[in-house]
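Listing of query-v4.csv; format and content: CSV, C-alpha atoms.
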```
chain,number,residue,atom,x,y,z
A,1,MET,CA,100.0,124.2,103.9
A,2,ILE,CA,96.3,123.7,103.1
A,3,LEU,CA,95.0,125.4,100.0
A,4,ARG,CA,91.3,126.3,100.0
A,5,GLU,CA,88.8,127.1,97.3
A,6,PHE,CA,86.4,129.6,98.9
A,7,LEU,CA,82.8,129.5,97.9
A,8,TYR,CA,81.8,132.1,100.4
A,9,VAL,CA,83.4,134.6,102.8
A,10,ASP,CA,81.6,137.1,104.9
A,11,THR,CA,84.4,139.7,104.8
A,12,ASP,CA,82.5,142.2,106.9
A,13,LYS,CA,82.0,139.8,109.7
A,14,VAL,CA,85.6,138.4,109.4
A,15,ARG,CA,87.1,141.9,109.5
A,16,ALA,CA,85.0,142.9,112.6
A,17,MET,CA,85.9,139.8,114.5
A,18,LEU,CA,89.6,139.9,113.5
A,19,ALA,CA,89.7,143.5,114.6
A,20,GLN,CA,88.5,142.5,118.1
A,21,LEU,CA,91.2,139.9,118.4
A,22,GLU,CA,94.1,141.8,116.9
A,23,GLY,CA,93.1,145.4,117.6
A,24,GLY,CA,92.7,146.2,113.9
A,25,VAL,CA,93.3,144.8,110.5
A,26,ALA,CA,96.5,146.0,108.7
A,27,GLU,CA,96.1,146.5,105.0
A,28,GLU,CA,99.1,148.8,104.4
A,29,GLU,CA,102.9,148.2,104.5
A,30,ARG,CA,105.4,151.1,104.4
A,31,GLU,CA,109.2,150.8,104.5
A,32,THR,CA,111.6,153.8,104.4
A,33,ASP,CA,115.4,153.8,104.3
A,34,ARG,CA,117.5,157.0,104.3
A,35,GLU,CA,121.2,157.9,104.7
A,36,GLU,CA,122.6,161.4,105.1
A,37,LYS,CA,126.2,162.7,105.1
A,38,ARG,CA,127.1,166.3,105.9
A,39,THR,CA,130.6,167.9,105.6
A,40,THR,CA,131.2,171.5,106.7
A,41,VAL,CA,134.5,173.4,106.1
A,42,GLY,CA,135.1,176.8,107.8
A,43,PRO,CA,132.4,179.2,108.4
A,44,ARG,CA,129.0,177.9,107.4
A,45,THR,CA,128.7,180.6,104.7
A,46,VAL,CA,132.0,179.5,103.1
A,47,ALA,CA,131.6,175.8,102.2
A,48,GLN,CA,129.1,173.1,102.8
A,49,HIS,CA,128.7,169.6,101.4
A,50,PHE,CA,125.6,167.6,101.7
A,51,GLN,CA,124.9,164.1,100.4
A,52,GLY,CA,121.6,162.3,100.9
A,53,VAL,CA,120.4,158.9,99.8
A,54,GLY,CA,116.9,157.7,100.4
A,55,SER,CA,114.4,155.1,99.3
A,56,GLU,CA,110.9,154.5,100.2
A,57,ARG,CA,108.7,151.5,99.4
A,58,TYR,CA,105.0,151.8,99.9
A,59,THR,CA,102.6,148.9,99.3
A,60,GLN,CA,98.9,149.0,99.9
A,61,LYS,CA,97.4,145.5,99.6
A,62,SER,CA,94.0,143.9,100.2
A,63,LEU,CA,94.5,140.9,102.3
A,64,GLY,CA,91.6,139.2,100.5
A,65,ASP,CA,92.0,135.4,100.9
A,66,ALA,CA,94.4,135.9,103.7
A,67,LEU,CA,91.8,137.5,106.0
A,68,PHE,CA,89.9,134.4,106.9
A,69,PRO,CA,92.9,132.2,107.5
A,70,MET,CA,94.2,134.9,109.8
A,71,LEU,CA,91.0,134.9,111.7
A,72,GLU,CA,90.9,131.1,111.8
A,73,ASP,CA,94.4,130.9,113.3
A,74,ALA,CA,93.6,133.7,115.8
A,75,LEU,CA,90.4,131.9,117.0
A,76,GLU,CA,92.2,128.6,117.4
A,77,SER,CA,95.0,130.2,119.4
A,78,GLU,CA,92.4,131.7,121.8
A,79,SER,CA,90.6,128.3,122.0
A,80,LEU,CA,87.5,130.0,120.6
A,81,LEU,CA,87.0,127.8,117.6
A,82,ARG,CA,86.2,124.1,117.9
A,83,ASP,CA,86.2,121.5,115.1
A,84,ILE,CA,83.3,119.1,115.6
A,85,SER,CA,83.5,117.4,112.3
A,86,GLU,CA,83.9,114.0,113.9
A,87,GLU,CA,81.3,114.5,116.6
A,88,VAL,CA,78.5,115.4,114.2
A,89,THR,CA,78.8,112.0,112.5
A,90,ASN,CA,77.6,110.3,115.7
A,91,THR,CA,73.8,110.0,115.6
A,92,ASP,CA,73.7,109.2,119.4
A,93,LEU,CA,75.2,112.6,120.2
A,94,TRP,CA,72.4,114.3,118.3
A,95,ASN,CA,69.7,112.2,119.8
A,96,THR,CA,70.9,112.7,123.4
A,97,GLU,CA,71.4,116.4,122.6
A,98,GLU,CA,75.1,116.2,123.6
A,99,ILE,CA,75.9,118.2,120.5
A,100,GLN,CA,73.8,121.1,121.9
A,101,ARG,CA,75.8,121.0,125.1
A,102,MET,CA,79.1,120.7,123.3
A,103,ALA,CA,78.3,123.6,120.9
A,104,PRO,CA,75.6,125.8,122.3
A,105,PRO,CA,74.1,128.7,120.3
A,106,GLY,CA,76.7,131.4,119.7
A,107,SER,CA,79.7,129.1,119.9
A,108,LEU,CA,82.2,129.1,117.0
A,109,VAL,CA,82.6,125.8,115.2
A,110,ARG,CA,84.2,124.3,112.1
A,111,ILE,CA,82.4,121.4,110.4
A,112,THR,CA,83.6,119.4,107.4
A,113,ALA,CA,81.0,117.0,106.0
A,114,PRO,CA,79.3,116.0,102.8
A,115,GLY,CA,77.2,118.9,101.6
A,116,SER,CA,75.3,120.2,98.6
A,117,LEU,CA,73.9,123.5,97.4
A,118,PHE,CA,70.2,124.3,97.0
A,119,ASP,CA,68.4,127.3,95.6
A,120,SER,CA,64.7,127.3,94.6
A,121,ARG,CA,65.6,129.9,92.0
A,122,TYR,CA,67.8,127.4,90.3
A,123,VAL,CA,64.9,124.9,90.4
A,124,ALA,CA,62.7,127.5,88.7
A,125,ASN,CA,65.3,128.1,86.0
A,126,SER,CA,65.8,124.4,85.4
A,127,PHE,CA,62.1,123.8,85.1
A,128,SER,CA,61.7,126.7,82.8
A,129,ALA,CA,64.5,125.4,80.5
A,130,PHE,CA,62.9,121.9,80.6
A,131,ALA,CA,59.6,123.4,79.4
A,132,ALA,CA,61.2,125.4,76.7
A,133,VAL,CA,63.1,122.4,75.3
A,134,SER,CA,59.9,120.3,75.4
A,135,MET,CA,57.9,123.0,73.5
A,136,GLY,CA,60.7,123.3,71.0
A,137,LEU,CA,60.9,119.5,70.3
A,138,GLN,CA,57.1,119.5,69.9
A,139,GLY,CA,57.4,122.4,67.5
A,140,ILE,CA,59.7,120.6,65.2
A,141,GLY,CA,57.8,117.3,65.5
A,142,ALA,CA,60.4,115.4,67.4
A,143,LEU,CA,58.2,114.9,70.4
A,144,GLU,CA,54.5,113.9,70.6
A,145,SER,CA,52.1,116.6,71.8
A,146,PRO,CA,49.7,115.1,74.4
A,147,PRO,CA,46.1,116.3,74.7
A,148,PRO,CA,45.6,119.3,76.9
A,149,ARG,CA,44.8,118.9,80.6
A,150,GLN,CA,41.1,119.0,81.5
A,151,ASN,CA,40.3,121.7,83.9
A,152,SER,CA,37.5,124.0,85.0
A,153,GLY,CA,38.6,126.8,82.8
A,154,LYS,CA,40.6,128.6,85.5
A,155,ASN,CA,44.0,129.9,84.9
A,156,PRO,CA,46.4,126.9,85.6
A,157,LYS,CA,48.7,129.3,87.4
A,158,GLY,CA,45.9,130.2,89.9
A,159,GLN,CA,44.3,133.5,90.6
A,160,GLN,CA,47.3,135.6,91.5
A,161,ARG,CA,47.5,139.3,92.3
A,162,LYS,CA,49.4,141.2,89.7
A,163,PRO,CA,52.6,142.7,91.2
A,164,LYS,CA,53.1,146.4,91.3
A,165,PRO,CA,55.8,147.9,89.0
A,166,GLY,CA,59.2,147.0,90.4
A,167,GLU,CA,57.7,144.7,93.0
A,168,VAL,CA,59.3,141.2,93.3
A,169,THR,CA,57.0,138.4,94.4
A,170,ARG,CA,57.8,134.7,95.0
A,171,GLU,CA,55.0,133.8,92.5
A,172,GLU,CA,57.3,135.1,89.8
A,173,LEU,CA,59.3,131.9,90.2
A,174,GLU,CA,56.2,129.8,89.2
A,175,ASP,CA,55.4,132.3,86.5
A,176,SER,CA,58.8,131.7,84.8
A,177,ILE,CA,57.6,128.2,83.8
A,178,PRO,CA,55.6,128.6,80.5
A,179,ASP,CA,52.5,126.6,79.8
A,180,PHE,CA,53.4,123.2,78.3
A,181,ARG,CA,52.5,119.6,78.3
A,182,MET,CA,54.8,116.7,77.5
A,183,LYS,CA,54.4,113.0,77.2
A,184,SER,CA,57.3,110.5,77.8
A,185,GLY,CA,56.1,106.9,77.4
A,186,GLU,CA,53.1,106.6,79.7
A,187,THR,CA,54.0,109.6,81.8
A,188,ILE,CA,52.6,113.1,81.2
A,189,VAL,CA,54.3,116.1,82.7
A,190,ASP,CA,53.0,119.7,82.4
A,191,ALA,CA,53.5,123.1,83.8
A,192,VAL,CA,51.0,122.6,86.6
A,193,ASP,CA,53.1,119.7,88.0
A,194,LEU,CA,56.3,121.6,87.8
A,195,ARG,CA,54.9,124.7,89.4
A,196,SER,CA,53.5,122.6,92.3
A,197,ILE,CA,57.0,121.1,92.9
A,198,LEU,CA,58.5,124.6,92.8
A,199,GLN,CA,56.0,125.9,95.3
A,200,VAL,CA,57.1,123.2,97.7
A,201,SER,CA,60.8,124.0,97.1
A,202,ARG,CA,60.5,127.7,97.8
A,203,GLY,CA,58.3,127.1,100.8
A,204,VAL,CA,60.7,124.6,102.5
A,205,PHE,CA,63.8,126.6,101.4
A,206,ALA,CA,63.3,130.3,100.9
A,207,PRO,CA,64.7,131.6,97.6
A,208,GLY,CA,68.4,132.1,98.0
A,209,LEU,CA,71.6,129.9,98.2
A,210,HIS,CA,71.7,127.3,100.9
A,211,MET,CA,74.6,125.0,101.9
A,212,ASN,CA,73.2,121.8,103.4
A,213,LEU,CA,75.6,119.5,105.2
A,214,SER,CA,74.5,115.9,105.8
A,215,PRO,CA,77.0,114.4,108.4
A,216,VAL,CA,75.1,111.1,108.6
A,217,GLU,CA,74.2,108.8,105.7
A,218,SER,CA,70.5,108.8,106.4
A,219,SER,CA,70.2,112.6,105.8
A,220,ASP,CA,67.9,112.8,108.8
A,221,ILE,CA,70.3,115.3,110.4
A,222,LEU,CA,70.8,118.5,108.4
A,223,ILE,CA,73.2,121.4,109.1
A,224,THR,CA,72.0,124.4,107.2
A,225,SER,CA,73.7,127.7,106.3
A,226,ARG,CA,72.1,130.5,104.3
A,227,LEU,CA,74.8,132.2,102.2
A,228,GLN,CA,74.0,135.9,102.2
A,229,GLU,CA,74.3,137.6,98.8
A,230,GLY,CA,76.6,140.6,98.3
A,231,ARG,CA,79.4,139.2,100.3
A,232,GLN,CA,82.9,138.6,98.8
A,233,TYR,CA,83.2,135.4,96.8
A,234,LEU,CA,79.5,134.9,96.4
A,235,ASP,CA,79.2,137.1,93.3
A,236,SER,CA,77.9,134.6,90.8
A,237,GLU,CA,74.4,133.8,89.8
A,238,SER,CA,72.9,130.6,91.0
A,239,ASP,CA,73.0,129.1,87.5
A,240,ILE,CA,76.7,129.7,87.3
A,241,LEU,CA,77.4,128.2,90.8
A,242,PHE,CA,75.3,125.1,90.1
A,243,ALA,CA,77.0,124.7,86.7
A,244,ARG,CA,80.4,124.8,88.5
A,245,TYR,CA,79.6,122.7,91.5
A,246,GLY,CA,76.6,120.6,90.5
A,247,THR,CA,73.9,119.2,92.8
A,248,GLU,CA,75.8,116.1,94.1
A,249,GLU,CA,77.2,116.0,97.6
A,250,GLN,CA,80.9,117.0,98.0
A,251,GLU,CA,83.0,117.5,101.0
A,252,TRP,CA,82.6,121.1,102.2
A,253,THR,CA,83.8,123.0,105.3
A,254,VAL,CA,81.7,125.6,107.0
A,255,VAL,CA,83.2,127.8,109.7
A,256,GLY,CA,80.8,130.0,111.6
A,257,SER,CA,78.7,130.5,114.8
A,258,VAL,CA,75.9,128.2,115.9
A,259,GLY,CA,72.6,129.9,115.2
A,260,HIS,CA,69.9,127.7,116.7
A,261,TYR,CA,68.9,124.1,117.0
A,262,GLY,CA,65.6,122.6,115.9
A,263,SER,CA,62.9,122.4,118.7
A,264,LYS,CA,62.1,118.9,120.0
A,265,ASP,CA,58.3,118.5,120.7
A,266,PRO,CA,57.5,122.2,120.7
A,267,VAL,CA,54.8,123.2,123.2
A,268,GLN,CA,52.0,125.3,122.0
A,269,PRO,CA,51.4,128.1,124.5
A,270,ASP,CA,48.0,129.4,125.6
A,271,ASP,CA,46.5,131.7,123.0
A,272,ALA,CA,45.3,134.1,125.7
A,273,PHE,CA,47.5,137.0,124.7
A,274,PHE,CA,45.2,139.7,125.9
A,275,ASN,CA,45.8,141.6,129.1
A,276,SER,CA,43.2,142.0,131.8
A,277,ASN,CA,42.3,145.5,130.4
A,278,GLY,CA,41.5,144.0,127.0
A,279,ALA,CA,44.7,145.2,125.3
A,280,VAL,CA,46.9,142.9,123.3
A,281,SER,CA,50.1,141.9,125.1
A,282,ARG,CA,52.9,142.3,122.5
A,283,GLY,CA,55.1,139.9,124.4
A,284,LYS,CA,52.5,137.1,124.7
A,285,LEU,CA,51.5,137.5,121.0
A,286,ALA,CA,55.1,137.3,119.9
A,287,SER,CA,55.6,134.1,122.0
A,288,PHE,CA,52.4,132.6,120.6
A,289,MET,CA,53.3,133.2,117.0
A,290,ASN,CA,56.9,132.0,117.4
A,291,ALA,CA,55.6,128.8,119.0
A,292,HIS,CA,53.4,128.4,115.9
A,293,MET,CA,56.6,128.8,113.7
A,294,ARG,CA,58.4,126.1,115.8
A,295,THR,CA,55.5,123.8,115.3
A,296,LEU,CA,55.5,124.4,111.5
A,297,ALA,CA,59.3,123.8,111.5
A,298,GLU,CA,58.6,120.3,112.8
A,299,THR,CA,56.4,119.6,109.7
A,300,GLY,CA,59.2,120.7,107.4
A,301,PHE,CA,56.8,123.2,105.7
A,302,VAL,CA,58.8,126.4,106.4
A,303,ASP,CA,62.4,127.5,106.2
A,304,LEU,CA,63.4,126.7,109.8
A,305,VAL,CA,65.7,124.1,111.3
A,306,GLN,CA,64.0,120.8,111.9
A,307,TYR,CA,65.0,118.8,115.0
A,308,PRO,CA,67.6,117.6,115.6
A,309,GLY,CA,69.4,119.8,113.0
A,310,VAL,CA,71.2,123.1,113.5
A,311,SER,CA,71.7,126.3,111.6
A,312,LEU,CA,75.1,127.9,111.2
A,313,ILE,CA,75.8,131.6,110.6
A,314,PRO,CA,78.7,131.2,108.1
A,315,PHE,CA,81.9,133.1,108.2
A,316,ALA,CA,83.3,131.1,105.3
A,317,VAL,CA,82.5,128.1,103.2
A,318,TYR,CA,85.3,126.3,101.3
A,319,ARG,CA,86.6,123.0,100.1
A,320,SER,CA,90.2,121.9,100.3
A,321,ILE,CA,92.3,121.5,97.2
A,322,PRO,CA,93.7,118.0,97.1
A,323,ARG,CA,97.3,117.4,96.3
A,324,ALA,CA,98.4,115.2,93.4
A,325,ALA,CA,98.3,111.6,94.4
A,326,GLY,CA,101.4,110.6,92.4
A,327,VAL,CA,103.6,111.5,89.5
A,328,ILE,CA,102.5,110.7,86.0
A,329,ALA,CA,105.2,108.7,84.2
A,330,ALA,CA,106.7,110.4,81.2
A,331,ARG,CA,105.8,108.8,78.0
```

Could the structure of this file be written out as structure tokens, please?
Amino acid sequence: MILREFLYVDTDKVRAMLAQLEGGVAEEERETDREEKRTTVGPRTVAQHFQGVGSERYTQKSLGDALFPMLEDALESESLLRDISEEVTNTDLWNTEEIQRMAPPGSLVRITAPGSLFDSRYVANSFSAFAAVSMGLQGIGALESPPPRQNSGKNPKGQQRKPKPGEVTREELEDSIPDFRMKSGETIVDAVDLRSILQVSRGVFAPGLHMNLSPVESSDILITSRLQEGRQYLDSESDILFARYGTEEQEWTVVGSVGHYGSKDPVQPDDAFFNSNGAVSRGKLASFMNAHMRTLAETGFVDLVQYPGVSLIPFAVYRSIPRAAGVIAAR
């Protein structure tokens, strides 16, 4: 029996798919036992004896962790789920696009590979903490205060629009880093530097928790999964998850459906998206803009899959719990 530690389970998707395979998901169990004995002497109005013994046991249980293993077994029994953990380690299969033929978009796969978490919100929190500690050390005289950065007098954060009450903007991530300047040896780091790094982080990976699998050592091939918040088992803040699992690669397993592959040499279509009558063709405009997005994906500047990588729509993300390697000798 394999014990799993689940990082993420999309219970809604798991229930829906399991219901299609099994015709429903049982979450109740009811068992009833009853014995009856009747004895009648003479007319019914004269004497009667009745003895009844009954018991009923009713249990309503949430299948919880059992839901996904049930789905996994059902998919494998129907030959709907394929484990491609070994195939994705072969660079030649990626370069020849054999992986795409083996697991086309929409197919269900299981991949076990070295992986790590990434969240630009955690980057922002870490940089903010770094700035706070630096300012604190300077305040108590334990760290040298370098001269201020020379600038044109503009706000170092840039001219940003103030958000409306209740509005959440991505710029708030940069705003979480206070103004500071620190010198370590000959290196000087300040808020402007860290905000620039954070801008790159949130542009390449949109704020949210990502699981990035790297099946080959070069990390040129990335298998990405965006873990949707509000699902069961993903109920911790990013700071807590990173404190628990860290930023180093570990062996993770992702089970889900193939979303899409990165585009190889995307072709830029003609920008003539007007009809002969001068009206904008909605279909041509959408194709034109999507082609632009595919081109940007190749630069790595936006949160889209880069060739030859692939995105997975995760049903579950977990790591296996290893068994003890031996018995510790008694002292």

Checklist entry - atom CA of A:Leu213 to atom CA of A:Trp252: how many Å, to one decimal? => result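 Between atom CA of A:Leu213 and atom CA of A:Trp252 the gap is 7.8 Å.
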
Next on the checklist: When you look at A:Gly309 with a cut-off of 7 Å (counting all atoms listed in the file), what residues show up, excluding the ones that are within fewer than 6 positions of it in the same chain? I need them as JSON, numbers by chain.
Outcome noted: {"A": [221, 222, 223, 261, 262]}

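Rounded to one decimal, atom CA of A:Arg319 and atom CA of A:Asn212 lie 13.9 Å from each other.
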
Test item: residues at most 10 Å from stretch 282-293 of chain A, all atoms listed in the file, excluding those fewer than 2 positions along its chain, as a tab-separated table (two decimals) with C-alpha atoms, in the coordinates of the input:
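Wrote selection-v1.tsv, looks like this:
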```
chain	number	residue	atom	x	y	z
A	263	SER	CA	62.90	122.40	118.70
A	266	PRO	CA	57.50	122.20	120.70
A	267	VAL	CA	54.80	123.20	123.20
A	268	GLN	CA	52.00	125.30	122.00
A	269	PRO	CA	51.40	128.10	124.50
A	270	ASP	CA	48.00	129.40	125.60
A	271	ASP	CA	46.50	131.70	123.00
A	272	ALA	CA	45.30	134.10	125.70
A	273	PHE	CA	47.50	137.00	124.70
A	274	PHE	CA	45.20	139.70	125.90
A	275	ASN	CA	45.80	141.60	129.10
A	279	ALA	CA	44.70	145.20	125.30
A	280	VAL	CA	46.90	142.90	123.30
A	295	THR	CA	55.50	123.80	115.30
A	296	LEU	CA	55.50	124.40	111.50
A	297	ALA	CA	59.30	123.80	111.50
A	298	GLU	CA	58.60	120.30	112.80
A	301	PHE	CA	56.80	123.20	105.70
A	302	VAL	CA	58.80	126.40	106.40
A	303	ASP	CA	62.40	127.50	106.20
A	304	LEU	CA	63.40	126.70	109.80
```

Checklist entry - Pick the closest to A:Ala113 from A:Thr96, A:Ser320, A:Gln138, A:Gln199: which is it, counting all atoms listed in the file? => result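 Closest to A:Ala113, using all atoms listed in the file: A:Ser320.
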
Checklist outcome for this item: re atom CA of A:Arg110 and atom CA of A:Leu21: distance 18.2 Å

With only C-alpha atoms as the counted atoms, please give the residues lying no more than 6 Å from A:Lys183, apart from itself and same-chain residues fewer than 4 positions off, as a PDB file with C-alpha atoms, in the frame of the given file.
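Written output follows (out.pdb):
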```
ATOM      1  CA  PRO A 146      49.700 115.100  74.400  1.00  0.00           C
ATOM      2  CA  THR A 187      54.000 109.600  81.800  1.00  0.00           C
ATOM      3  CA  ILE A 188      52.600 113.100  81.200  1.00  0.00           C
TER       4      ILE A 188
END
```

Residues near A:Gly259, anyone? I mean within 9 Å using only C-alpha atoms, not counting same-chain ones fewer than 2 positions away, as a PDB file with C-alpha atoms, in the coordinates of the input.
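In the end it all went to around_14.pdb:
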```
ATOM      1  CA  PRO A 104      75.600 125.800 122.300  1.00  0.00           C
ATOM      2  CA  PRO A 105      74.100 128.700 120.300  1.00  0.00           C
ATOM      3  CA  GLY A 106      76.700 131.400 119.700  1.00  0.00           C
ATOM      4  CA  SER A 107      79.700 129.100 119.900  1.00  0.00           C
ATOM      5  CA  GLY A 256      80.800 130.000 111.600  1.00  0.00           C
ATOM      6  CA  SER A 257      78.700 130.500 114.800  1.00  0.00           C
ATOM      7  CA  TYR A 261      68.900 124.100 117.000  1.00  0.00           C
ATOM      8  CA  VAL A 310      71.200 123.100 113.500  1.00  0.00           C
ATOM      9  CA  SER A 311      71.700 126.300 111.600  1.00  0.00           C
ATOM     10  CA  LEU A 312      75.100 127.900 111.200  1.00  0.00           C
ATOM     11  CA  ILE A 313      75.800 131.600 110.600  1.00  0.00           C
TER      12      ILE A 313
END
```

Checklist entry - Leaving out A:Ala103 and any residue of its chain fewer than 6 positions from it, which residues lie within 10 Å of it when counting all atoms listed in the file, given as a PyMOL selection string? => result chain A and resi 82+84+109+257-258

Select from stretch 75-184 of chain A every residue with an atom at most 12 Å from any atom of stretch 236-249 of chain A, then for each give the shortest pair of atoms and their distance in Å to one decimal, using all atoms listed in the file, rows by chain and rising number, as CSV.
```
residue,atom,partner,partner_atom,distance
A:Ala113,CA,A:Glu249,CA,9.3
A:Pro114,CA,A:Glu249,CA,5.6
A:Gly115,CA,A:Glu249,CA,4.9
A:Ser116,CA,A:Glu249,CA,4.7
A:Leu117,CA,A:Thr247,CA,6.3
A:Phe118,CA,A:Thr247,CA,7.6
A:Asp119,CA,A:Ser238,CA,7.2
A:Ser120,CA,A:Ser238,CA,9.5
A:Arg121,CA,A:Ser238,CA,7.4
A:Tyr122,CA,A:Ser238,CA,6.1
A:Val123,CA,A:Asp239,CA,9.6
A:Ala124,CA,A:Asp239,CA,10.5
A:Asn125,CA,A:Asp239,CA,7.9
A:Ser126,CA,A:Asp239,CA,8.9
A:Ala129,CA,A:Asp239,CA,11.6
```

Item to check | Top pick for closest residue to A:Asp10, considering A:Asn277, A:Gln250, A:Gln228, A:Ser196 and counting all atoms listed in the file | outcome: A:Gln228

Next on the checklist: Taking only C-alpha atoms into account, name the residue in A:Leu80, A:Leu93, A:Ile177, A:Met182 that is nearest to A:Glu144.
Outcome noted: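 Ranking A:Leu80, A:Leu93, A:Ile177, A:Met182 by distance to A:Glu144, first place goes to A:Met182.
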